[in-house]
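S.K.: Below is a structure I'd like to ask you about.
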Amino acid sequence: MRSLIDKLAAGHSLTKGEWTVLIANQPDREYLAAKARQAARRYYGNAVFIRGLIEFTNYCKNNCYYCGIRRDNRRVARYRLSKEDILACCKEGYGLGFRTFVLQGGEDAYYTDSMLAGLISQIKSSYPDCAITLSIGERGRESYKLFFEAGADRYLLRHETADPAHYKILHPKEMDFEGRMQCLKDIKETGLKTGCGFMVGSPGQTAECLAEDMLFIARLSPHMVGIGPFVPHHETPFAGEAGGTVEQTLYLISLLRLLKPDLLIPATTALGTIDPKGREKGVLAGANVVMPNLSPIGVRKQYELYDNKICTGDEAAECLNCLKGRMEGIGYRIVTDRGDPAEGPGGISCTT
Ligand code: 5AD
Ligand code: FES
C-alpha cells in the first residue's frame, strides 16, 4: 500500500476507491506520517502558526446532534461578549504576540451583519498588522462580502461531511447540506481565505464518507482544513456514541498534508483533549497551526462543544507558554507572524 501513499505524495490526488482503501485500512502509519512531516517542512520549515481564538457567543440557533451548545441544550448558561470585551481579548492577544484573531461563535442573530462589520473594522484599525478570521456559521453571500469589505481576511466553516446521507445523520431536518456547500462556495468566491473541515469518527461516518471529504477538499481547494476527533457531549443526542480516535485523526491529518502540501492545518483542541500529547502528535503528523484560547476565563467552560475540553481554566499567557514548550519539545517553534496561506514553495519561509 506504500505505492498509494507514494502516488498521493507525488501527484496530490487519488480516486475515490483509492482513498477508501487507504482510509479503511490505514496501512503504513509511520511511513505516511514521515512523508507528511516532510511535506510540511518543505513549505513551512519547523514553523507552527498561532491563532488567538475568541469564542464570543455560545448562543446558537442550530441543533446539531453532536454539539454541546446546540439550541436544545438547556443546561448551558448562555453568554455574549460585548464589543468592549472582544476588543479587550484582542488587546491581550496582541500583547502576547498574536497576529491572527479568530472570532468564533454559535449562529447568533443578535450580532447583525452590520454590528460585525463595525467590529471587524474597529479591530483592523487598532491592529492593522493582524488578520481576522471569522467562524460564525452560515450567513449568506452578501454578509460574507460585507465582512470581507470591512477587513475580514479568512472564514472557517467546517463542511462537517461531504456525504449528504451522512449529513442527515449528524443534523436535524431543518439543516441543509446543499446550503452549507453553497456557503463555502460563496465564501471562497468573495475573496476570503477559506477553511472547511470535519470531525473524525462521528456517528455514521464510513471510510467512503471520508473519501468523499477528501474529494470535496480537492475540488474546493481551501486554504485551511480543520479536523479533530468527534468527542461526545453528555447533553446531546450523541451522548452515548463512541468518539473518534487519535490514530484515525492523525492519519487523516497526514493524508490532508499530502493532498495539499501548503494547507494550513490546525492540531486542534479536540485532539489535545483526547490525548495529552495530541497536539504534538498532530504537528508530527503534518499539522502546522495551533489555536490557543483568548476568551475570558469566566466564559470558557460555557463554550464546551464536547466534554472535558482542555484549557478552560488557563490564562491565554499560560496556554501560549505551554504550547511554546510543547512545540519546542518536538523540534518546532511557534511563530507570531500572520501566517498567511502559502503561495506555493518559497511563498513562505522555505527551508528544507
Ligand atoms: N466533538 C468534536 N468536535 C465538535 N464540533 C462540534 N461539536 C463537536 C464534538 N462533540 C466541531 C464541529 C464544528 C466545530 C466548531 O467544532 O466540527 O464545526
Ligand atoms: Fe492551554 Fe497547555 S495549551 S494549558
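A note on labels: chains of the C-alpha cells are A, B, ... as shown, every chain counts residues from 1, and ligands are counted from 1 in their shown order.
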When DSSP is applied to the backbone of this structure, which of segment 125-301 of chain A are assigned strand (DSSP E)? Write them out as a list in words.

M.R.: Ala131, Ile132, Thr133, Leu134, Ser135, Arg154, Tyr155, Leu156, Lys193, Thr194, Gly195, Cys196, Gly197, Phe198, Met199, Val200, Met224, Val225, Gly226, Ile227, Gly228, Pro229, Val289 and Val290 of chain A

S.K.: Find the residues near ligand 1. Use a cut-off of 7 Å, count only C-alpha atoms and all ligand atoms, and write them as a PDB file with N, CA, C and O atoms, in the first residue's frame.

M.R.:
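This is the output file selection-v1.pdb:
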```pdb
ATOM      1  N   TYR A  66     -24.415  16.647  17.476  1.00  0.00           N
ATOM      2  CA  TYR A  66     -23.131  16.389  18.150  1.00  0.00           C
ATOM      3  C   TYR A  66     -22.694  17.507  19.083  1.00  0.00           C
ATOM      4  O   TYR A  66     -21.789  17.323  19.891  1.00  0.00           O
ATOM      5  N   CYS A  67     -23.307  18.683  18.980  1.00  0.00           N
ATOM      6  CA  CYS A  67     -22.676  19.874  19.545  1.00  0.00           C
ATOM      7  C   CYS A  67     -23.246  20.290  20.904  1.00  0.00           C
ATOM      8  O   CYS A  67     -24.459  20.391  21.084  1.00  0.00           O
ATOM      9  N   GLY A  68     -22.355  20.567  21.830  1.00  0.00           N
ATOM     10  CA  GLY A  68     -22.731  20.905  23.199  1.00  0.00           C
ATOM     11  C   GLY A  68     -23.442  22.246  23.357  1.00  0.00           C
ATOM     12  O   GLY A  68     -24.102  22.474  24.370  1.00  0.00           O
ATOM     13  N   LEU A 157     -15.544  27.541   7.953  1.00  0.00           N
ATOM     14  CA  LEU A 157     -16.862  26.912   8.042  1.00  0.00           C
ATOM     15  C   LEU A 157     -16.658  25.432   7.749  1.00  0.00           C
ATOM     16  O   LEU A 157     -16.496  25.028   6.589  1.00  0.00           O
ATOM     17  N   ARG A 158     -16.620  24.648   8.790  1.00  0.00           N
ATOM     18  CA  ARG A 158     -16.435  23.220   8.539  1.00  0.00           C
ATOM     19  C   ARG A 158     -17.616  22.698   7.740  1.00  0.00           C
ATOM     20  O   ARG A 158     -18.761  23.021   8.065  1.00  0.00           O
ATOM     21  N   GLU A 160     -18.383  19.662   7.667  1.00  0.00           N
ATOM     22  CA  GLU A 160     -18.823  18.583   8.576  1.00  0.00           C
ATOM     23  C   GLU A 160     -18.836  17.214   7.923  1.00  0.00           C
ATOM     24  O   GLU A 160     -18.397  16.248   8.522  1.00  0.00           O
ATOM     25  N   GLY A 197     -13.740  21.714   6.905  1.00  0.00           N
ATOM     26  CA  GLY A 197     -13.247  20.682   7.827  1.00  0.00           C
ATOM     27  C   GLY A 197     -14.348  19.768   8.310  1.00  0.00           C
ATOM     28  O   GLY A 197     -15.526  19.950   7.964  1.00  0.00           O
ATOM     29  N   PHE A 198     -13.953  18.804   9.100  1.00  0.00           N
ATOM     30  CA  PHE A 198     -14.914  17.788   9.554  1.00  0.00           C
ATOM     31  C   PHE A 198     -14.399  17.118  10.819  1.00  0.00           C
ATOM     32  O   PHE A 198     -13.224  17.278  11.176  1.00  0.00           O
ATOM     33  N   MET A 199     -15.294  16.407  11.475  1.00  0.00           N
ATOM     34  CA  MET A 199     -14.894  15.636  12.646  1.00  0.00           C
ATOM     35  C   MET A 199     -14.523  14.220  12.191  1.00  0.00           C
ATOM     36  O   MET A 199     -15.108  13.703  11.237  1.00  0.00           O
ATOM     37  N   GLY A 228     -10.721  17.350  13.670  1.00  0.00           N
ATOM     38  CA  GLY A 228     -10.438  16.884  15.023  1.00  0.00           C
ATOM     39  C   GLY A 228     -11.338  15.700  15.292  1.00  0.00           C
ATOM     40  O   GLY A 228     -12.308  15.457  14.552  1.00  0.00           O
ATOM     41  N   PRO A 229     -11.030  14.942  16.325  1.00  0.00           N
ATOM     42  CA  PRO A 229     -11.882  13.784  16.632  1.00  0.00           C
ATOM     43  C   PRO A 229     -13.257  14.243  17.107  1.00  0.00           C
ATOM     44  O   PRO A 229     -13.371  15.285  17.750  1.00  0.00           O
ATOM     45  N   PHE A 230     -14.280  13.485  16.774  1.00  0.00           N
ATOM     46  CA  PHE A 230     -15.577  13.682  17.413  1.00  0.00           C
ATOM     47  C   PHE A 230     -15.425  13.254  18.872  1.00  0.00           C
ATOM     48  O   PHE A 230     -14.871  12.192  19.162  1.00  0.00           O
ATOM     49  N   VAL A 231     -15.886  14.109  19.776  1.00  0.00           N
ATOM     50  CA  VAL A 231     -15.844  13.804  21.209  1.00  0.00           C
ATOM     51  C   VAL A 231     -17.266  13.988  21.729  1.00  0.00           C
ATOM     52  O   VAL A 231     -17.835  15.072  21.585  1.00  0.00           O
ATOM     53  N   PRO A 232     -17.883  12.942  22.284  1.00  0.00           N
ATOM     54  CA  PRO A 232     -19.287  13.080  22.686  1.00  0.00           C
ATOM     55  C   PRO A 232     -19.485  14.122  23.791  1.00  0.00           C
ATOM     56  O   PRO A 232     -18.584  14.328  24.613  1.00  0.00           O
ATOM     57  N   HIS A 233     -20.623  14.778  23.745  1.00  0.00           N
ATOM     58  CA  HIS A 233     -21.013  15.719  24.801  1.00  0.00           C
ATOM     59  C   HIS A 233     -22.228  15.139  25.513  1.00  0.00           C
ATOM     60  O   HIS A 233     -23.187  14.709  24.861  1.00  0.00           O
ATOM     61  N   ALA A 270      -9.572  19.631  20.295  1.00  0.00           N
ATOM     62  CA  ALA A 270     -10.245  18.331  20.471  1.00  0.00           C
ATOM     63  C   ALA A 270      -9.214  17.198  20.476  1.00  0.00           C
ATOM     64  O   ALA A 270      -9.308  16.253  21.271  1.00  0.00           O
ATOM     65  N   LEU A 305     -18.150  22.511  23.417  1.00  0.00           N
ATOM     66  CA  LEU A 305     -18.809  21.823  22.308  1.00  0.00           C
ATOM     67  C   LEU A 305     -18.815  20.319  22.559  1.00  0.00           C
ATOM     68  O   LEU A 305     -19.651  19.593  22.040  1.00  0.00           O
ATOM     69  N   TYR A 306     -17.841  19.875  23.379  1.00  0.00           N
ATOM     70  CA  TYR A 306     -17.700  18.451  23.704  1.00  0.00           C
ATOM     71  C   TYR A 306     -17.179  18.362  25.137  1.00  0.00           C
ATOM     72  O   TYR A 306     -16.663  19.340  25.685  1.00  0.00           O
TER      73      TYR A 306
END
```

S.K.: Each residue of chain A lying at most 6 Å from ligand 2 should get a row with its shortest atom-to-atom pair and the distance in Å to one decimal, counting only C-alpha atoms and all ligand atoms; could you produce that, ordered by chain and increasing number, as a Markdown table?

M.R.:
```
| residue | atom | partner | partner_atom_place_in_ligand_line | distance |
| --- | --- | --- | --- | --- |
| A:Cys311 | CA | ligand 2 | 1 (Fe) | 4.3 |
| A:Asp314 | CA | ligand 2 | 4 (S) | 5.6 |
| A:Cys319 | CA | ligand 2 | 1 (Fe) | 3.5 |
| A:Cys322 | CA | ligand 2 | 2 (Fe) | 4.4 |
| A:Leu323 | CA | ligand 2 | 3 (S) | 5.1 |
```

S.K.: Point out the residue among A:Gly286, A:Pro296, A:Gly151, A:Gly201 with the least atom-to-atom distance to Leu250 of chain A, counting only C-alpha atoms.

M.R.: A:Gly286

S.K.: Which of these residues is nearest to Asp340 of chain A, using only C-alpha atoms: A:Ile50, A:Cys60, A:Ala33, A:Ile5?

M.R.: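 Once distances to Asp340 of chain A are computed over only C-alpha atoms, the minimum belongs to A:Ile50.
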
S.K.: How many Å separate atom CA of Thr336 of chain A from atom CA of Leu134 of chain A?

M.R.: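 Calculated distance between atom CA of Thr336 of chain A and atom CA of Leu134 of chain A is 18.9 Å.
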
S.K.: So that I can check the surroundings of Glu174 of chain A, please list as a list in words every protein, DNA and RNA residue that reaches within 10 Å of it, counting only C-alpha atoms and ignoring chain neighbours fewer than 5 positions away.

M.R.: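 Counting only the stated atoms, we get Asn62, Asn63 and Lys168 of chain A.
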
S.K.: Got a sec: who's within 12 Å of Lys7 of chain A, counting only C-alpha atoms, leaving out chain neighbours fewer than 3 positions off, as a PyMOL selection string?

M.R.: chain A and resi 1-4+10-15+18-19+22+32+35+255+258-259

S.K.: Deliver the residues from the most recent selection as a file, using C-alpha atoms, as a compact mmCIF listing (two decimals), in the first residue's frame.

M.R.:
```txt
# COMPACT_ATOMS: atom_id res chain seq x y z
CA MET A 1 0.00 0.00 0.00
CA ARG A 2 3.00 2.25 0.17
CA SER A 3 2.50 2.73 -3.51
CA LEU A 4 -0.80 4.53 -2.84
CA ALA A 10 3.77 12.69 -5.91
CA GLY A 11 0.52 13.54 -7.65
CA HIS A 12 -1.69 15.02 -4.87
CA SER A 13 -4.71 13.12 -5.99
CA LEU A 14 -6.35 9.72 -5.69
CA THR A 15 -9.56 8.12 -6.90
CA GLU A 18 -8.01 4.54 -3.57
CA TRP A 19 -8.92 6.98 -0.81
CA LEU A 22 -6.25 3.88 2.49
CA LEU A 32 2.66 8.21 5.89
CA LYS A 35 6.05 11.78 4.31
CA LEU A 255 -3.45 12.50 4.14
CA LEU A 258 -0.11 15.17 1.14
CA LEU A 259 -3.27 16.10 -0.72
```

S.K.: Measuring atom to atom with only C-alpha atoms, identify which of A:Gly329, A:Gly52, A:Gly244, A:Gly204 is nearest to Leu96 of chain A.

M.R.: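 Result for the nearest residue to Leu96 of chain A: A:Gly52.
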
S.K.: Find, counting only C-alpha atoms, the residue in A:Leu220, A:Ala150, A:Val76, A:Cys183 that gets nearest to Ser125 of chain A.

M.R.: A:Ala150

S.K.: Please provide as a list in words all residues within 8 Å of Glu212 of chain A, with the sequence filter that same-chain residues fewer than 4 positions apart are discarded (counting only C-alpha atoms).

M.R.: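 Using only C-alpha atoms, the neighbours found are Lys16, Ala162, Asp163, Glu208 and Phe216 of chain A.
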